[in-house]
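Visitor: File work25.csv follows (CSV, C-alpha atoms):
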```csv
chain,number,residue,atom,x,y,z
D,280,MET,CA,137.7,191.9,86.5
D,281,ALA,CA,140.2,194.1,88.3
D,282,GLY,CA,138.4,194.2,91.6
D,283,GLY,CA,136.1,192.1,93.8
D,284,GLY,CA,133.1,194.2,92.9
D,285,ASP,CA,133.5,194.1,89.1
D,286,VAL,CA,130.7,192.6,87.0
D,287,VAL,CA,130.9,190.6,83.8
D,288,ASP,CA,127.9,192.1,81.9
D,289,VAL,CA,126.1,189.6,79.7
D,290,PRO,CA,123.7,190.7,76.9
D,291,SER,CA,120.0,190.9,77.5
D,292,GLY,CA,119.4,187.5,75.8
D,293,SER,CA,120.9,185.8,78.9
D,294,SER,CA,120.1,186.1,82.6
D,295,ILE,CA,123.7,185.5,83.9
D,296,ARG,CA,125.6,188.2,85.9
D,297,ILE,CA,128.9,187.0,87.4
D,298,THR,CA,130.9,189.0,89.9
D,299,THR,CA,134.6,188.2,90.7
D,300,ALA,CA,133.5,187.3,94.2
D,301,MET,CA,131.3,184.5,92.6
D,302,LEU,CA,134.3,183.4,90.5
D,303,ASP,CA,136.4,183.2,93.6
D,304,ASN,CA,133.7,181.1,95.3
D,305,ILE,CA,133.7,178.8,92.2
D,306,LEU,CA,137.5,178.5,92.5
D,307,ARG,CA,137.4,177.7,96.2
D,308,ASN,CA,134.7,175.0,95.7
D,309,GLY,CA,136.5,173.5,92.8
D,310,GLU,CA,139.8,173.3,94.7
D,311,GLU,CA,138.1,171.6,97.6
D,312,ASN,CA,136.8,168.8,95.4
D,313,PRO,CA,137.4,169.2,91.6
D,314,SER,CA,136.1,165.7,90.8
D,315,ALA,CA,132.7,166.0,92.4
D,316,VAL,CA,129.6,165.8,90.2
D,317,GLY,CA,126.3,167.5,91.0
D,318,GLN,CA,126.9,168.5,94.6
D,319,GLU,CA,125.7,172.1,94.9
D,320,ASP,CA,122.1,171.4,95.5
D,321,GLU,CA,121.2,169.4,98.6
D,322,GLY,CA,118.7,167.2,96.8
D,323,GLU,CA,121.2,166.1,94.1
D,324,GLN,CA,123.0,162.8,94.2
D,325,LYS,CA,126.7,163.2,94.9
D,326,LEU,CA,128.9,161.2,92.5
D,327,GLN,CA,132.6,161.0,91.9
D,328,ARG,CA,133.9,161.6,88.4
D,329,VAL,CA,136.0,158.9,86.8
D,330,ARG,CA,139.7,159.8,86.5
D,331,LEU,CA,141.6,159.0,83.3
D,332,SER,CA,145.3,158.7,83.0
D,333,TYR,CA,146.8,161.4,80.8
D,334,THR,CA,150.1,161.4,78.9
D,335,PRO,CA,150.5,164.5,76.6
D,336,THR,CA,152.6,164.0,73.5
D,337,PHE,CA,152.0,167.3,71.8
D,338,GLN,CA,155.4,168.7,72.7
D,339,ARG,CA,156.6,168.1,69.1
D,340,PHE,CA,154.1,170.8,68.0
D,341,ARG,CA,155.6,173.4,70.4
D,342,ALA,CA,157.8,175.9,68.6
D,343,LYS,CA,161.3,175.8,70.0
D,344,THR,CA,162.7,178.6,67.8
D,345,ARG,CA,161.0,181.2,65.7
D,346,THR,CA,162.3,181.4,62.2
D,347,PHE,CA,160.7,183.1,59.2
D,348,THR,CA,163.0,182.1,56.4
D,349,GLN,CA,162.1,178.4,55.9
D,350,GLN,CA,159.9,177.2,53.0
D,351,TYR,CA,157.6,174.2,52.7
D,352,SER,CA,159.7,172.3,50.1
D,353,HIS,CA,161.7,170.3,52.6
D,354,MET,CA,158.5,169.2,54.4
D,355,TYR,CA,157.1,167.8,51.1
D,356,THR,CA,160.4,166.2,50.3
D,357,ASN,CA,160.7,164.4,53.7
D,358,ARG,CA,157.0,163.3,53.6
D,359,LEU,CA,157.6,161.8,50.1
D,360,ARG,CA,160.8,160.1,51.2
D,361,LEU,CA,159.1,158.5,54.3
D,362,MET,CA,155.9,157.5,52.5
D,363,ARG,CA,157.4,156.1,49.2
D,364,PRO,CA,158.2,152.6,50.6
D,365,MET,CA,154.6,152.4,52.1
D,366,LEU,CA,153.0,153.5,48.8
D,367,GLU,CA,155.0,151.1,46.8
D,368,ALA,CA,154.0,148.2,49.1
D,369,SER,CA,150.3,149.3,49.0
D,370,ALA,CA,150.4,149.7,45.3
D,371,GLN,CA,151.9,146.2,44.7
D,372,ALA,CA,149.4,144.7,47.1
D,373,LYS,CA,146.6,146.4,45.1
D,374,TRP,CA,147.8,146.0,41.6
D,375,GLY,CA,149.9,142.8,42.0
D,376,THR,CA,153.4,141.9,40.9
D,377,GLY,CA,154.7,139.9,38.0
D,378,GLY,CA,154.0,140.0,34.2
D,379,MET,CA,150.5,141.7,34.4
D,380,ALA,CA,151.5,144.2,37.0
D,381,PRO,CA,152.4,147.8,36.1
D,382,THR,CA,156.1,148.6,35.8
D,383,LEU,CA,157.4,150.6,38.8
D,384,CYS,CA,159.2,153.9,37.9
D,385,LYS,CA,161.2,155.1,40.9
D,386,LYS,CA,161.2,158.7,39.7
D,387,VAL,CA,158.9,160.9,37.7
D,388,ILE,CA,161.8,161.7,35.4
D,389,ASP,CA,161.9,158.0,34.4
D,390,LEU,CA,158.5,158.1,32.8
D,391,VAL,CA,158.6,157.8,29.0
D,392,ASP,CA,156.1,157.7,26.2
D,393,GLY,CA,155.1,154.2,25.0
D,394,ALA,CA,156.4,152.3,28.0
D,395,GLY,CA,153.1,150.6,28.6
D,396,THR,CA,151.4,150.6,32.0
D,397,VAL,CA,153.5,152.1,34.7
D,398,MET,CA,153.1,153.2,38.3
D,399,VAL,CA,154.9,156.0,40.1
D,400,VAL,CA,154.8,157.6,43.5
D,401,GLY,CA,154.7,161.3,44.0
D,402,THR,CA,153.1,164.3,45.7
D,403,LEU,CA,150.0,165.8,44.2
D,404,PHE,CA,149.7,169.5,43.3
D,405,LYS,CA,146.3,170.9,42.4
D,406,ASP,CA,146.3,173.8,40.0
D,407,MET,CA,143.3,176.0,40.7
D,408,PRO,CA,142.9,179.1,38.4
D,409,LEU,CA,140.3,180.7,40.8
D,410,ARG,CA,142.7,180.7,43.8
D,411,PRO,CA,144.0,184.2,44.4
D,412,SER,CA,147.7,184.7,43.7
D,413,LEU,CA,149.9,186.8,45.9
D,414,LEU,CA,152.0,187.7,42.9
D,415,ASP,CA,149.0,188.9,40.9
D,416,GLU,CA,148.2,191.3,43.7
D,417,TYR,CA,151.5,193.1,43.1
D,418,ARG,CA,151.3,192.8,39.4
D,419,ASP,CA,147.9,194.4,38.9
D,420,GLU,CA,146.2,197.4,40.4
D,421,ALA,CA,144.0,196.7,43.4
D,422,ALA,CA,140.8,197.7,41.6
D,423,LEU,CA,141.5,195.4,38.6
D,424,GLN,CA,142.6,192.6,40.9
D,425,GLY,CA,139.3,192.8,42.8
D,426,ALA,CA,137.3,192.6,39.6
D,427,LEU,CA,139.2,189.6,38.2
D,428,GLN,CA,139.3,187.4,41.3
D,429,PRO,CA,136.8,186.6,44.1
D,430,ALA,CA,137.2,188.4,47.4
D,431,ALA,CA,138.8,186.2,50.0
D,432,GLY,CA,136.5,185.1,52.8
D,433,PRO,CA,135.4,182.1,54.7
D,434,ASN,CA,132.7,181.2,52.2
D,435,THR,CA,134.8,181.7,49.1
D,436,ASN,CA,134.9,178.6,46.8
D,437,TYR,CA,138.0,178.4,44.6
D,438,VAL,CA,137.0,175.1,43.0
D,439,SER,CA,136.1,175.0,39.3
D,440,GLY,CA,136.0,172.7,36.3
D,441,GLU,CA,139.3,174.1,35.1
D,442,ASP,CA,141.2,172.5,38.0
D,443,THR,CA,144.0,170.1,37.1
D,444,LEU,CA,146.4,167.8,38.9
D,445,VAL,CA,150.2,167.4,38.7
D,446,LEU,CA,152.3,164.7,40.2
D,447,GLU,CA,155.8,165.7,41.3
D,448,ASP,CA,158.8,164.5,43.2
D,449,GLU,CA,162.4,165.7,43.6
D,450,SER,CA,163.2,164.8,40.0
D,451,GLY,CA,160.4,166.6,38.1
D,452,ARG,CA,156.6,166.7,37.5
D,453,VAL,CA,154.1,165.3,35.2
D,454,SER,CA,150.5,166.4,34.4
D,455,LEU,CA,147.7,163.9,35.2
D,456,ALA,CA,144.6,163.3,33.0
D,457,GLY,CA,142.1,160.7,32.1
D,458,PRO,CA,138.4,159.9,32.6
D,459,SER,CA,139.2,157.8,35.7
D,460,LEU,CA,140.8,160.8,37.5
D,461,ALA,CA,138.3,162.5,39.9
D,462,VAL,CA,140.2,165.8,40.3
D,463,GLY,CA,137.7,167.1,42.9
D,464,GLU,CA,138.5,164.3,45.3
D,465,PHE,CA,142.2,165.3,45.8
D,466,VAL,CA,144.0,168.2,47.3
D,467,THR,CA,147.6,169.6,47.2
D,468,GLY,CA,150.1,167.7,49.3
D,469,LEU,CA,148.7,164.1,49.1
D,470,VAL,CA,151.3,161.4,48.5
D,471,VAL,CA,149.9,158.8,46.2
D,472,ALA,CA,150.8,156.0,43.8
D,473,VAL,CA,149.4,156.4,40.3
D,474,LYS,CA,148.9,153.7,37.6
D,475,GLY,CA,148.6,154.6,34.0
D,476,HIS,CA,150.4,155.2,30.7
D,477,VAL,CA,152.2,158.2,29.3
D,478,GLU,CA,151.2,159.8,26.1
D,479,GLY,CA,152.7,163.1,24.9
D,480,GLY,CA,154.2,163.8,28.2
D,481,VAL,CA,150.9,163.4,30.1
D,482,LEU,CA,150.2,160.5,32.4
D,483,THR,CA,146.7,159.1,31.6
D,484,VAL,CA,145.6,157.7,35.0
D,485,ALA,CA,143.9,154.3,35.3
D,486,ASP,CA,143.9,154.1,39.1
D,487,VAL,CA,145.2,155.8,42.2
D,488,CYS,CA,146.4,154.1,45.4
D,489,VAL,CA,146.8,155.8,48.8
D,490,ALA,CA,148.8,154.5,51.8
D,491,GLY,CA,145.8,154.1,54.1
D,492,LEU,CA,145.8,154.6,57.9
D,493,PRO,CA,148.8,153.4,60.0
D,494,SER,CA,148.3,150.9,62.8
D,495,GLN,CA,148.0,152.6,66.2
D,496,GLU,CA,151.0,152.5,68.5
D,497,GLU,CA,150.8,150.9,71.9
D,498,GLY,CA,149.9,153.2,74.7
D,499,PRO,CA,152.4,154.3,77.3
D,500,GLU,CA,150.5,152.6,80.1
D,501,GLU,CA,148.9,149.3,80.9
D,502,GLY,CA,145.5,149.1,82.6
D,503,ALA,CA,143.9,152.2,81.0
D,504,ALA,CA,142.2,154.4,83.6
D,505,VAL,CA,142.6,155.0,87.3
D,506,GLU,CA,139.1,154.3,88.6
D,507,VAL,CA,137.4,155.8,91.7
D,508,GLU,CA,136.6,153.2,94.2
D,509,GLY,CA,133.0,152.2,94.2
D,510,GLU,CA,132.2,154.2,91.0
D,511,GLY,CA,134.3,152.5,88.3
D,512,GLY,CA,135.5,149.2,87.1
D,513,GLY,CA,133.4,146.4,85.7
D,514,GLY,CA,134.0,147.5,82.1
D,515,ASN,CA,131.9,150.7,82.4
D,516,PRO,CA,132.4,153.1,79.5
D,517,ARG,CA,134.6,156.2,79.9
D,518,TYR,CA,134.2,159.3,77.9
D,519,VAL,CA,136.2,162.2,76.6
D,520,LEU,CA,133.9,165.2,75.8
D,521,LEU,CA,134.8,167.2,72.6
D,522,ALA,CA,133.5,170.8,72.3
D,523,SER,CA,134.1,173.6,69.8
D,524,GLY,CA,132.5,176.6,68.2
D,525,PHE,CA,132.0,178.9,71.2
D,526,LYS,CA,132.6,181.9,69.0
D,527,LEU,CA,132.2,184.5,71.8
D,528,ASN,CA,131.9,188.2,71.1
D,529,GLU,CA,130.7,191.3,72.9
D,530,LYS,CA,127.1,190.4,72.0
D,531,SER,CA,127.1,186.7,72.8
D,532,ASP,CA,124.3,185.0,74.6
D,533,LEU,CA,126.0,182.8,77.2
D,534,LEU,CA,122.9,180.8,78.0
D,535,PRO,CA,123.8,177.8,75.7
D,536,LEU,CA,127.3,177.7,77.2
D,537,GLN,CA,125.8,177.9,80.7
D,538,MET,CA,123.7,174.8,79.9
D,539,LEU,CA,126.9,173.0,78.8
D,540,ILE,CA,128.5,174.0,82.1
D,541,GLU,CA,125.6,172.8,84.2
D,542,TYR,CA,125.6,169.5,82.2
D,543,VAL,CA,129.3,168.9,82.8
D,544,GLN,CA,128.9,169.8,86.5
D,545,GLY,CA,126.1,167.3,86.8
D,546,HIS,CA,123.2,169.6,87.4
D,547,VAL,CA,121.2,168.5,84.4
D,548,GLY,CA,119.6,165.2,83.6
D,549,SER,CA,118.2,162.3,85.6
D,550,ASP,CA,120.2,160.6,88.4
D,551,ALA,CA,120.7,157.6,86.1
D,552,HIS,CA,122.1,159.7,83.3
D,553,LYS,CA,124.4,161.5,85.7
D,554,ARG,CA,125.6,158.2,87.1
D,555,ASP,CA,126.0,156.4,83.8
D,556,VAL,CA,127.2,159.2,81.5
D,557,VAL,CA,128.1,162.5,83.2
D,558,SER,CA,130.2,161.0,85.9
D,559,ARG,CA,132.0,158.9,83.3
D,560,ILE,CA,133.3,162.0,81.4
D,561,GLY,CA,137.0,162.0,82.4
D,562,ARG,CA,138.3,164.8,80.2
D,563,LEU,CA,137.1,167.7,78.1
D,564,ILE,CA,138.9,168.9,74.9
D,565,VAL,CA,137.9,172.2,73.5
D,566,ALA,CA,138.9,172.2,69.8
D,567,GLY,CA,139.3,175.9,69.0
D,568,ASP,CA,136.9,178.5,67.7
D,569,LEU,CA,136.7,180.1,71.2
D,570,LEU,CA,136.2,183.6,69.9
D,571,ALA,CA,134.3,185.1,67.0
D,572,PRO,CA,136.3,187.1,64.4
D,573,PHE,CA,136.9,190.7,65.5
D,574,ASP,CA,135.7,193.6,63.4
D,575,ASP,CA,138.6,194.5,61.0
D,576,SER,CA,138.0,198.2,61.5
D,577,LEU,CA,138.5,197.8,65.3
D,578,LEU,CA,141.8,195.9,64.8
D,579,ARG,CA,143.0,198.7,62.5
D,580,GLU,CA,142.4,201.4,65.1
D,581,LYS,CA,145.6,202.9,66.4
D,582,HIS,CA,143.9,204.5,69.4
D,583,MET,CA,140.8,202.8,70.8
D,584,THR,CA,138.2,204.7,72.8
D,585,ALA,CA,137.3,203.4,76.2
D,586,LYS,CA,134.1,201.9,74.8
D,587,GLN,CA,136.1,200.1,72.1
D,588,GLN,CA,138.6,198.8,74.6
D,589,GLU,CA,135.7,197.5,76.7
D,590,ASP,CA,134.1,195.8,73.7
D,591,PHE,CA,137.4,194.3,72.7
D,592,ALA,CA,138.1,192.9,76.2
D,593,LEU,CA,134.6,191.5,76.9
D,594,PRO,CA,134.8,188.3,74.8
D,595,PHE,CA,138.0,187.4,76.7
D,596,LYS,CA,136.2,187.9,80.1
D,597,HIS,CA,133.3,185.8,78.9
D,598,LEU,CA,135.7,183.1,77.7
D,599,ASP,CA,137.6,183.1,81.0
D,600,LEU,CA,134.3,182.8,82.9
D,601,VAL,CA,133.1,179.8,80.9
D,602,LEU,CA,136.5,178.0,81.0
D,603,THR,CA,136.8,178.6,84.7
D,604,GLN,CA,133.5,176.9,85.5
D,605,LEU,CA,134.3,174.0,83.2
D,606,ALA,CA,137.8,173.6,84.7
D,607,SER,CA,136.2,173.4,88.2
D,608,ALA,CA,134.3,170.3,87.1
D,609,VAL,CA,136.6,168.3,84.8
D,610,PRO,CA,140.2,168.2,83.6
D,611,MET,CA,140.4,170.0,80.2
D,612,ASP,CA,142.6,170.9,77.3
D,613,VAL,CA,142.0,174.1,75.3
D,614,MET,CA,143.3,174.4,71.7
D,615,PRO,CA,143.4,177.6,69.7
D,616,GLY,CA,141.4,178.0,66.5
D,617,ALA,CA,141.5,180.2,63.4
D,618,ASP,CA,140.3,183.4,65.1
D,619,ASP,CA,141.7,182.8,68.6
D,620,PRO,CA,144.7,184.7,70.1
D,621,SER,CA,147.5,182.6,68.7
D,622,ASN,CA,149.7,182.6,65.6
D,623,SER,CA,147.7,182.0,62.3
D,624,THR,CA,150.0,179.3,60.8
D,625,LEU,CA,150.1,175.7,61.9
D,626,PRO,CA,151.1,174.5,64.3
D,627,GLN,CA,149.4,177.1,66.4
D,628,GLN,CA,151.0,177.7,69.8
D,629,PRO,CA,149.0,177.5,73.1
D,630,ILE,CA,146.9,180.5,74.2
D,631,HIS,CA,148.9,182.4,76.8
D,632,PRO,CA,147.4,181.8,80.3
D,633,CYS,CA,147.6,185.6,81.1
D,634,LEU,CA,144.5,186.0,78.8
D,635,LEU,CA,142.5,183.6,81.0
D,636,PRO,CA,143.6,184.5,84.5
D,637,HIS,CA,140.8,182.8,86.5
D,638,ALA,CA,140.9,179.6,84.5
D,639,ALA,CA,144.7,179.4,84.7
D,640,ARG,CA,144.4,179.2,88.5
D,641,TYR,CA,143.3,175.5,87.9
D,642,ALA,CA,146.9,174.5,87.2
D,643,SER,CA,146.1,170.8,87.7
D,644,SER,CA,143.0,170.6,85.5
D,645,PHE,CA,143.3,173.5,83.0
D,646,HIS,CA,145.8,173.3,80.1
D,647,THR,CA,146.2,175.4,77.1
D,648,VAL,CA,147.7,173.2,74.3
D,649,PRO,CA,148.9,173.6,70.7
D,650,ASN,CA,146.9,172.9,67.6
D,651,PRO,CA,147.4,170.1,66.4
D,652,TYR,CA,146.9,168.2,69.6
D,653,GLU,CA,148.1,164.8,70.6
D,654,ALA,CA,147.8,162.9,73.9
D,655,TRP,CA,147.2,159.4,75.3
D,656,ILE,CA,144.1,159.4,77.4
D,657,GLY,CA,142.9,156.5,79.4
D,658,GLY,CA,146.2,154.7,78.8
D,659,ASP,CA,145.2,153.0,75.5
D,660,ARG,CA,143.6,155.7,73.4
D,661,LEU,CA,145.6,158.2,71.3
D,662,PHE,CA,143.8,161.4,70.6
D,663,LEU,CA,145.3,163.2,67.6
D,664,GLY,CA,143.6,166.1,65.8
D,665,GLY,CA,143.2,169.8,65.1
D,666,SER,CA,140.8,172.6,65.4
D,667,GLY,CA,139.4,172.2,61.9
D,668,GLN,CA,141.3,174.6,59.7
D,669,VAL,CA,142.6,171.9,57.3
D,670,PRO,CA,139.3,170.2,56.5
D,671,GLU,CA,137.5,173.6,56.4
D,672,ASP,CA,140.0,174.7,53.8
D,673,MET,CA,139.5,171.5,51.9
D,674,ALA,CA,135.8,171.8,51.9
```
Kindly present the structure from the file in structure tokens form.

Guide:
Amino acid sequence: MAGGGDVVDVPSGSSIRITTAMLDNILRNGEENPSAVGQEDEGEQKLQRVRLSYTPTFQRFRAKTRTFTQQYSHMYTNRLRLMRPMLEASAQAKWGTGGMAPTLCKKVIDLVDGAGTVMVVGTLFKDMPLRPSLLDEYRDEAALQGALQPAAGPNTNYVSGEDTLVLEDESGRVSLAGPSLAVGEFVTGLVVAVKGHVEGGVLTVADVCVAGLPSQEEGPEEGAAVEVEGEGGGGNPRYVLLASGFKLNEKSDLLPLQMLIEYVQGHVGSDAHKRDVVSRIGRLIVAGDLLAPFDDSLLREKHMTAKQQEDFALPFKHLDLVLTQLASAVPMDVMPGADDPSNSTLPQQPIHPCLLPHAARYASSFHTVPNPYEAWIGGDRLFLGGSGQVPEDMA
């Protein structure tokens, strides 16, 4: 979109053709009244969108320095140190105290055979034989490695009946076993309390206790939202709209996203629905998966042809177009996902605004944020979450 006459071409499945002049018009209209709902057509009812107070607290996920020498061990150690008192309290509340309660072992190394029923707190490690090993890739030839292990991919399942669990802390580790242990329900990194008895150096598990969810902190503000006079108050509901999975590429059909845009802008639905629901949407959070994965062969090209450059840039233009129209209607936060232009490890840093030049012009309503994301919205609601990589890996 270098000049005023440039056109964002959309595949034949969609009937949308947007020029930069039209984008500039969208920007001007949005800047005149960014909170208006359903005001382009003369016959539509004009409503004011509810405004929600907003206090971002995701700064702790912003990378202050870039280091590539640290390992994960200190994170597991600190997590265990902080959660051990909570796990011990939860375990004692679940399994009781006194003569019939299991004996608390402070460290894994304190476990001994024949000590009766004991409980210990530690971090789970799940040994999965089907999971590819980076060391094996260097040990074996590439062809042999491909024959022995499944190819990596989004649909690869590394779970098998051979999976085992190990409980570890800073003093050592112990293997877990027993008919009461559902190995498939646990993943590496969980801090748990385990009750059982030790035989032959293996802890036979009778029960497992988790810490549970913490109580939510008090919000930074009293009184929740700032309501628009004549449109809010009276205990009316307020909404935060969550969206994800745009997965745009050079062949995307933008019609479904155009329908989302028209809904958010208040051009779809009955007057009652616009008044009671659409105008009550005070914020939009886009939780990653903005772009579809690029073709690996294209990314490996050292010198792209003009057509390849155009195909590579088109998804970004489509994304900028979509986010610009959404930002003209409602304040929004955009998180990166697994295939979006950000670092691949968590926490992912915000998408650079230069990739979304038109949307970035909405400085007051458009924000690129890290993944994970955390913010107080409406004064008394804490929104904390990610773009889905962790549960997708677990599943």

Visitor: Out of D:Thr603, D:Ser459, D:Gln371, D:Thr402, which residue has the shortest atom-to-atom distance to Leu635 of chain D when counting all atoms listed in the file?

Guide: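 Using all atoms listed in the file, the shortest distance to Leu635 of chain D belongs to D:Thr603.
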
Visitor: What separation in Å, quoted to one decimal, exists between atom CA of Glu589 of chain D and atom CA of Asn622 of chain D?

Guide: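 Separation between atom CA of Glu589 of chain D and atom CA of Asn622 of chain D: 23.3 Å.
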
Visitor: Using all atoms listed in the file, which protein or nucleic acid residues come within 10 Å of segment 447-453 of chain D? Drop anything in the same chain fewer than 5 positions from it, and give the result as an mmCIF file with C-alpha atoms, keeping the file's coordinate frame.

Guide:
```
data_model
loop_
_atom_site.group_PDB
_atom_site.id
_atom_site.type_symbol
_atom_site.label_atom_id
_atom_site.label_comp_id
_atom_site.auth_asym_id
_atom_site.auth_seq_id
_atom_site.Cartn_x
_atom_site.Cartn_y
_atom_site.Cartn_z
ATOM 1 C CA SER D 352 159.700 172.300 50.100
ATOM 2 C CA TYR D 355 157.100 167.800 51.100
ATOM 3 C CA THR D 356 160.400 166.200 50.300
ATOM 4 C CA LEU D 359 157.600 161.800 50.100
ATOM 5 C CA ARG D 360 160.800 160.100 51.200
ATOM 6 C CA LYS D 385 161.200 155.100 40.900
ATOM 7 C CA LYS D 386 161.200 158.700 39.700
ATOM 8 C CA VAL D 387 158.900 160.900 37.700
ATOM 9 C CA ILE D 388 161.800 161.700 35.400
ATOM 10 C CA ASP D 389 161.900 158.000 34.400
ATOM 11 C CA LEU D 390 158.500 158.100 32.800
ATOM 12 C CA VAL D 399 154.900 156.000 40.100
ATOM 13 C CA VAL D 400 154.800 157.600 43.500
ATOM 14 C CA GLY D 401 154.700 161.300 44.000
ATOM 15 C CA THR D 402 153.100 164.300 45.700
ATOM 16 C CA LEU D 403 150.000 165.800 44.200
ATOM 17 C CA PHE D 404 149.700 169.500 43.300
ATOM 18 C CA VAL D 470 151.300 161.400 48.500
ATOM 19 C CA VAL D 477 152.200 158.200 29.300
ATOM 20 C CA GLY D 480 154.200 163.800 28.200
ATOM 21 C CA VAL D 481 150.900 163.400 30.100
ATOM 22 C CA LEU D 482 150.200 160.500 32.400
#
```

Visitor: Using all atoms listed in the file, can you tell me which of D:Met379, D:Leu331, D:Val391, D:Leu634 comes closest to Gly561 of chain D?

Guide: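 The shortest atom-to-atom distance to Gly561 of chain D comes from D:Leu331.
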
Visitor: Excluding same-chain residues fewer than 2 positions from segment 455-458 of chain D, what lies within 8 Å of it counting only C-alpha atoms, as JSON, numbers by chain?

Guide: {"D": [443, 444, 445, 446, 453, 460, 461, 481, 482, 483, 484, 485]}

Visitor: List as number ranges by chain: which residues have an atom within 12 Å of (150.0, 183.7, 75.9), counting all atoms listed in the file?

Guide: D: 615, 619-622, 627-636, 639, 646-649

Visitor: Quote the spacing between atom CA of Gly377 of chain D and atom CA of Phe465 of chain D in Å to one decimal place.

Guide: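 Value for the atom CA of Gly377 of chain D-atom CA of Phe465 of chain D distance: 29.4 Å.
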
Visitor: So how many Å separate atom CA of Gly616 of chain D and atom CA of Asn436 of chain D, to one decimal?

Guide: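 Separating atom CA of Gly616 of chain D from atom CA of Asn436 of chain D is a distance of 20.8 Å.
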
Visitor: In terms of the shortest atom-to-atom distance over only C-alpha atoms, which of D:Lys586, D:Arg660, D:Arg559, D:His476 is closest to Val397 of chain D?

Guide: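 Going through D:Lys586, D:Arg660, D:Arg559, D:His476 one by one, the smallest distance to Val397 of chain D is for D:His476.
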
Visitor: Taking (143.6, 174.8, 58.9) in the coordinates of the supplied file, I want to know which residues reach to within 10 Å of it, counting only C-alpha atoms; could you give the answer as a list in words?

Guide: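 Counting only C-alpha atoms, I find these residues within 10 Å of (143.6, 174.8, 58.9): Gly616, Ala617, Ser623, Thr624, Leu625, Pro626, Gln627, Asn650, Pro651, Gly665, Ser666, Gly667, Gln668, Val669, Pro670, Glu671, Asp672 and Met673 of chain D.
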
Visitor: Using C-alpha atoms, can you write the selected residues to a file as a compact mmCIF listing (two decimals), in the frame of the given file?

Guide:
```txt
# COMPACT_ATOMS: atom_id res chain seq x y z
CA GLY D 616 141.40 178.00 66.50
CA ALA D 617 141.50 180.20 63.40
CA SER D 623 147.70 182.00 62.30
CA THR D 624 150.00 179.30 60.80
CA LEU D 625 150.10 175.70 61.90
CA PRO D 626 151.10 174.50 64.30
CA GLN D 627 149.40 177.10 66.40
CA ASN D 650 146.90 172.90 67.60
CA PRO D 651 147.40 170.10 66.40
CA GLY D 665 143.20 169.80 65.10
CA SER D 666 140.80 172.60 65.40
CA GLY D 667 139.40 172.20 61.90
CA GLN D 668 141.30 174.60 59.70
CA VAL D 669 142.60 171.90 57.30
CA PRO D 670 139.30 170.20 56.50
CA GLU D 671 137.50 173.60 56.40
CA ASP D 672 140.00 174.70 53.80
CA MET D 673 139.50 171.50 51.90
```

Visitor: Identify, on the basis of only C-alpha atoms, every residue whose closest approach to Val519 of chain D does not exceed 8 Å; exclude the query and any residue fewer than 6 positions from it along the same chain; express the result as a PyMOL selection string.

Guide: chain D and resi 560-564

Visitor: Counting only C-alpha atoms, which residue out of D:Gly491, D:Gly393, D:Gly468, D:Pro610 sits closest to Tyr641 of chain D?

Guide: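 Looking only at the distances to Tyr641 of chain D, the closest residue turns out to be D:Pro610.
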